[in-house]
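Here's the structure we're looking at; comments come further down.
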Amino acid sequence: MKAPNGVLISLTVFALFASAPSVEARGRKSVSTEPGTYKEWGPDIDQITIKKTFKIASYNTIVVMPFDTRKTTKPGKEEDSYNAVNKVLDGFSGTLSEALRQELKATAKVEQHSKTPKASRTLIVRGTVVELDPGSRAARYWAGFGAGGAQTKITGEIVDAATGAVLIQFEQSRRSGGTMKFAGGKDTQVMRDSIHAIGEDIAHMLDAF
């Protein structure tokens, strides 16, 4: 007896999916922690250069230093978002530290310092904010689907405080569309969300070692 056409179509689709190779989520694939330069590394990192491997369990403190914002690409003074961007930049390291502290699985405590520490068993997170773009709230509200999202881009380093050796250099960017926020979210909200996401990315990176 012939199967109905609908059944045949369903079986064909099922067979195609069953035979297709599984695509592993980026956050779950194994990664190399050997020295070298890698793109789309680990859970979420755009680019990383591992200069010297290490064990995160060997460190009990992670210190986030103030990120350099002197050359950050941002709106001009005539733009409505100018003050919002500067406000978010002022609290950049605090926002990043908060996310890193919440997401980190390692037992090391996360602190903020204004002066570079030289203590043993301490890692330093430092870097430069390359870009902080608030996007467009109007586009987020009216267009949706990711339009008008805020964009943050940084370059960073992970440094052994005691020796001053740079262990890791990395580049990372994140975008926040304000999708779940009322009226697309205020500029300050979506910018902080993109910074928060980068803080989580750094936590995932450190936990991989």
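For the structure tokens, the naming scheme is as follows: chains receive sequential letters (A, B, ...) according to their order of presentation, residues are indexed from 1 within each chain, and ligands are indexed from 1 in presentation order.
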
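Residues of stretch 88-166 of chain A that DSSP, applied to the backbone, places in strand (DSSP E): Lys109, Val110, Glu111, Gln112, Thr122, Leu123, Ile124, Val125, Arg126, Gly127, Thr128, Val129, Val130, Glu131, Leu132, Asp133, Ala150, Gln151, Thr152, Lys153, Ile154, Thr155, Gly156, Glu157, Ile158, Val159, Asp160 and Val166 of chain A.
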
I'd like the neighbourhood of A:Arg126 as a PDB file with N, CA and C atoms, in the first residue's frame, where a residue qualifies if any of its atoms comes within 7 Å (using only C-alpha atoms), though same-chain residues fewer than 6 positions away should be ignored.
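So out-v2.pdb came out as:
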ATOM      1  N   VAL A  64      40.688  44.018  36.939  1.00  0.00           N
ATOM      2  CA  VAL A  64      40.325  44.759  35.730  1.00  0.00           C
ATOM      3  C   VAL A  64      40.818  46.195  35.880  1.00  0.00           C
ATOM      4  N   MET A  65      41.670  46.597  34.962  1.00  0.00           N
ATOM      5  CA  MET A  65      42.195  47.950  34.952  1.00  0.00           C
ATOM      6  C   MET A  65      41.294  48.862  34.115  1.00  0.00           C
ATOM      7  N   PRO A  66      41.363  50.171  34.338  1.00  0.00           N
ATOM      8  CA  PRO A  66      40.571  51.093  33.500  1.00  0.00           C
ATOM      9  C   PRO A  66      40.939  50.941  32.028  1.00  0.00           C
ATOM     10  N   PHE A  67      39.951  50.729  31.194  1.00  0.00           N
ATOM     11  CA  PHE A  67      40.205  50.606  29.760  1.00  0.00           C
ATOM     12  C   PHE A  67      40.471  51.982  29.153  1.00  0.00           C
ATOM     13  N   GLY A 156      42.187  43.703  23.882  1.00  0.00           N
ATOM     14  CA  GLY A 156      42.515  43.477  25.288  1.00  0.00           C
ATOM     15  C   GLY A 156      43.715  42.574  25.476  1.00  0.00           C
ATOM     16  N   GLU A 157      44.182  42.545  26.721  1.00  0.00           N
ATOM     17  CA  GLU A 157      45.301  41.686  27.108  1.00  0.00           C
ATOM     18  C   GLU A 157      45.013  41.060  28.465  1.00  0.00           C
ATOM     19  N   ILE A 158      45.515  39.852  28.634  1.00  0.00           N
ATOM     20  CA  ILE A 158      45.545  39.188  29.934  1.00  0.00           C
ATOM     21  C   ILE A 158      47.014  39.095  30.333  1.00  0.00           C
TER      22      ILE A 158
END

Inset, instruction - Quick one: everything within 9 Å of stretch 79-86 of chain A, counting only C-alpha atoms, minus sequence neighbours fewer than 3 positions away in the same chain. Send it as an MDAnalysis selection string. - result: chainID A and resid 74:76 89:91 132:134 187:188 191

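Near A:Asp160, within a cut-off of 12 Å and counting only C-alpha atoms, sit the residues Lys51, Lys52, Thr53, Phe54, Lys55, Ile56, Ser58, Tyr59, Asn60, Thr61, Ile62, Val63, Thr116, Pro117, Lys118, Ala119, Ser120, Arg121, Thr122, Leu123, Ile124, Val125, Arg126, Gly164, Ala165, Val166, Leu167 and Ile168 of chain A, with same-chain residues fewer than 4 positions away left out.
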
Put those residues in a file: N, CA and C atoms, as a PDB file, in the first residue's frame.
ATOM      1  N   LYS A  51      50.081  33.858  23.855  1.00  0.00           N
ATOM      2  CA  LYS A  51      51.530  33.993  23.879  1.00  0.00           C
ATOM      3  C   LYS A  51      52.175  32.984  24.835  1.00  0.00           C
ATOM      4  N   LYS A  52      51.464  32.698  25.903  1.00  0.00           N
ATOM      5  CA  LYS A  52      51.975  31.754  26.886  1.00  0.00           C
ATOM      6  C   LYS A  52      50.793  31.101  27.575  1.00  0.00           C
ATOM      7  N   THR A  53      50.750  29.781  27.576  1.00  0.00           N
ATOM      8  CA  THR A  53      49.627  29.102  28.207  1.00  0.00           C
ATOM      9  C   THR A  53      49.741  29.175  29.731  1.00  0.00           C
ATOM     10  N   PHE A  54      48.619  28.991  30.411  1.00  0.00           N
ATOM     11  CA  PHE A  54      48.578  29.094  31.867  1.00  0.00           C
ATOM     12  C   PHE A  54      47.385  28.309  32.379  1.00  0.00           C
ATOM     13  N   LYS A  55      47.304  28.182  33.697  1.00  0.00           N
ATOM     14  CA  LYS A  55      46.170  27.512  34.327  1.00  0.00           C
ATOM     15  C   LYS A  55      45.421  28.541  35.170  1.00  0.00           C
ATOM     16  N   ILE A  56      44.157  28.753  34.857  1.00  0.00           N
ATOM     17  CA  ILE A  56      43.375  29.738  35.598  1.00  0.00           C
ATOM     18  C   ILE A  56      43.281  29.360  37.076  1.00  0.00           C
ATOM     19  N   SER A  58      45.566  28.495  38.911  1.00  0.00           N
ATOM     20  CA  SER A  58      46.767  28.951  39.614  1.00  0.00           C
ATOM     21  C   SER A  58      46.648  30.389  40.114  1.00  0.00           C
ATOM     22  N   TYR A  59      45.551  31.036  39.753  1.00  0.00           N
ATOM     23  CA  TYR A  59      45.367  32.449  40.118  1.00  0.00           C
ATOM     24  C   TYR A  59      44.175  32.611  41.051  1.00  0.00           C
ATOM     25  N   ASN A  60      44.335  33.474  42.038  1.00  0.00           N
ATOM     26  CA  ASN A  60      43.213  33.696  42.965  1.00  0.00           C
ATOM     27  C   ASN A  60      42.584  35.073  42.828  1.00  0.00           C
ATOM     28  N   THR A  61      43.151  35.936  41.976  1.00  0.00           N
ATOM     29  CA  THR A  61      42.592  37.273  41.789  1.00  0.00           C
ATOM     30  C   THR A  61      42.699  37.690  40.330  1.00  0.00           C
ATOM     31  N   ILE A  62      41.655  38.303  39.833  1.00  0.00           N
ATOM     32  CA  ILE A  62      41.654  38.888  38.492  1.00  0.00           C
ATOM     33  C   ILE A  62      41.340  40.375  38.648  1.00  0.00           C
ATOM     34  N   VAL A  63      42.249  41.210  38.193  1.00  0.00           N
ATOM     35  CA  VAL A  63      42.102  42.658  38.356  1.00  0.00           C
ATOM     36  C   VAL A  63      41.791  43.293  37.005  1.00  0.00           C
ATOM     37  N   THR A 116      48.296  49.489  38.566  1.00  0.00           N
ATOM     38  CA  THR A 116      48.663  48.139  38.151  1.00  0.00           C
ATOM     39  C   THR A 116      49.245  47.342  39.314  1.00  0.00           C
ATOM     40  N   PRO A 117      48.622  46.224  39.680  1.00  0.00           N
ATOM     41  CA  PRO A 117      49.152  45.395  40.779  1.00  0.00           C
ATOM     42  C   PRO A 117      50.355  44.576  40.329  1.00  0.00           C
ATOM     43  N   LYS A 118      51.157  44.153  41.289  1.00  0.00           N
ATOM     44  CA  LYS A 118      52.307  43.292  40.998  1.00  0.00           C
ATOM     45  C   LYS A 118      52.293  42.052  41.881  1.00  0.00           C
ATOM     46  N   ALA A 119      51.149  41.745  42.413  1.00  0.00           N
ATOM     47  CA  ALA A 119      51.013  40.618  43.332  1.00  0.00           C
ATOM     48  C   ALA A 119      51.102  39.289  42.598  1.00  0.00           C
ATOM     49  N   SER A 120      51.526  38.277  43.314  1.00  0.00           N
ATOM     50  CA  SER A 120      51.575  36.932  42.748  1.00  0.00           C
ATOM     51  C   SER A 120      50.156  36.362  42.639  1.00  0.00           C
ATOM     52  N   ARG A 121      49.999  35.362  41.806  1.00  0.00           N
ATOM     53  CA  ARG A 121      48.725  34.672  41.593  1.00  0.00           C
ATOM     54  C   ARG A 121      47.604  35.642  41.206  1.00  0.00           C
ATOM     55  N   THR A 122      47.985  36.673  40.452  1.00  0.00           N
ATOM     56  CA  THR A 122      47.033  37.699  40.030  1.00  0.00           C
ATOM     57  C   THR A 122      47.116  37.905  38.524  1.00  0.00           C
ATOM     58  N   LEU A 123      45.972  37.928  37.877  1.00  0.00           N
ATOM     59  CA  LEU A 123      45.882  38.244  36.456  1.00  0.00           C
ATOM     60  C   LEU A 123      45.335  39.647  36.282  1.00  0.00           C
ATOM     61  N   ILE A 124      45.818  40.325  35.272  1.00  0.00           N
ATOM     62  CA  ILE A 124      45.338  41.668  34.940  1.00  0.00           C
ATOM     63  C   ILE A 124      44.577  41.601  33.615  1.00  0.00           C
ATOM     64  N   VAL A 125      43.418  42.226  33.580  1.00  0.00           N
ATOM     65  CA  VAL A 125      42.669  42.413  32.333  1.00  0.00           C
ATOM     66  C   VAL A 125      42.750  43.896  31.995  1.00  0.00           C
ATOM     67  N   ARG A 126      43.301  44.207  30.851  1.00  0.00           N
ATOM     68  CA  ARG A 126      43.412  45.608  30.440  1.00  0.00           C
ATOM     69  C   ARG A 126      43.186  45.698  28.937  1.00  0.00           C
ATOM     70  N   GLY A 164      54.625  40.598  34.768  1.00  0.00           N
ATOM     71  CA  GLY A 164      54.349  41.558  33.707  1.00  0.00           C
ATOM     72  C   GLY A 164      54.241  40.922  32.334  1.00  0.00           C
ATOM     73  N   ALA A 165      54.293  39.595  32.269  1.00  0.00           N
ATOM     74  CA  ALA A 165      54.233  38.890  30.985  1.00  0.00           C
ATOM     75  C   ALA A 165      52.819  38.923  30.413  1.00  0.00           C
ATOM     76  N   VAL A 166      52.710  39.260  29.149  1.00  0.00           N
ATOM     77  CA  VAL A 166      51.420  39.226  28.456  1.00  0.00           C
ATOM     78  C   VAL A 166      51.145  37.778  28.058  1.00  0.00           C
ATOM     79  N   LEU A 167      50.074  37.228  28.577  1.00  0.00           N
ATOM     80  CA  LEU A 167      49.723  35.832  28.304  1.00  0.00           C
ATOM     81  C   LEU A 167      48.824  35.706  27.076  1.00  0.00           C
ATOM     82  N   ILE A 168      47.891  36.666  26.961  1.00  0.00           N
ATOM     83  CA  ILE A 168      46.902  36.621  25.881  1.00  0.00           C
ATOM     84  C   ILE A 168      46.681  38.031  25.340  1.00  0.00           C
TER      85      ILE A 168
END

Inset, instruction - Skip A:Phe92 itself and residues of its chain fewer than 5 positions away, then list as an MDAnalysis selection string all residues within 9 Å of it, counting only C-alpha atoms. - result: chainID A and resid 66:67 87 97 129 192 195

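Counting only C-alpha atoms, the residue from A:Pro35, A:Gly127, A:Gly42, A:Gly94 that sits nearest to A:Thr72 is A:Gly127.
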
Legend entry - Among the residues A:Gln102, A:Thr128, A:Ser194, A:Gln151, the one that comes closest to A:Gln169 [using only C-alpha atoms]: A:Thr128

Using only C-alpha atoms, which residues sit within 10 Å of A:Ala57 once same-chain residues fewer than 6 positions away are excluded, as a PDB file with C-alpha atoms, in the first residue's frame?
ATOM      1  CA  ALA A 106      36.864  29.814  38.224  1.00  0.00           C
ATOM      2  CA  THR A 107      37.240  30.556  41.938  1.00  0.00           C
ATOM      3  CA  ALA A 108      39.349  33.694  41.441  1.00  0.00           C
ATOM      4  CA  ARG A 121      48.725  34.672  41.593  1.00  0.00           C
ATOM      5  CA  LEU A 206      39.577  32.520  31.031  1.00  0.00           C
ATOM      6  CA  ASP A 207      37.568  29.478  32.077  1.00  0.00           C
ATOM      7  CA  PHE A 209      42.404  27.594  30.496  1.00  0.00           C
TER       8      PHE A 209
END

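Comparing A:Val159, A:Trp41, A:Lys109, A:Val88 by their smallest distance to A:Asp193, the closest is A:Val88 (using only C-alpha atoms).
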
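Taking atom CA of A:Gln47 as the reference point, atom CA of A:Lys115 is found at 27.3 Å.
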
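Here atom CA of A:His196 stands at a distance of 19.1 Å from atom CA of A:Ile48.
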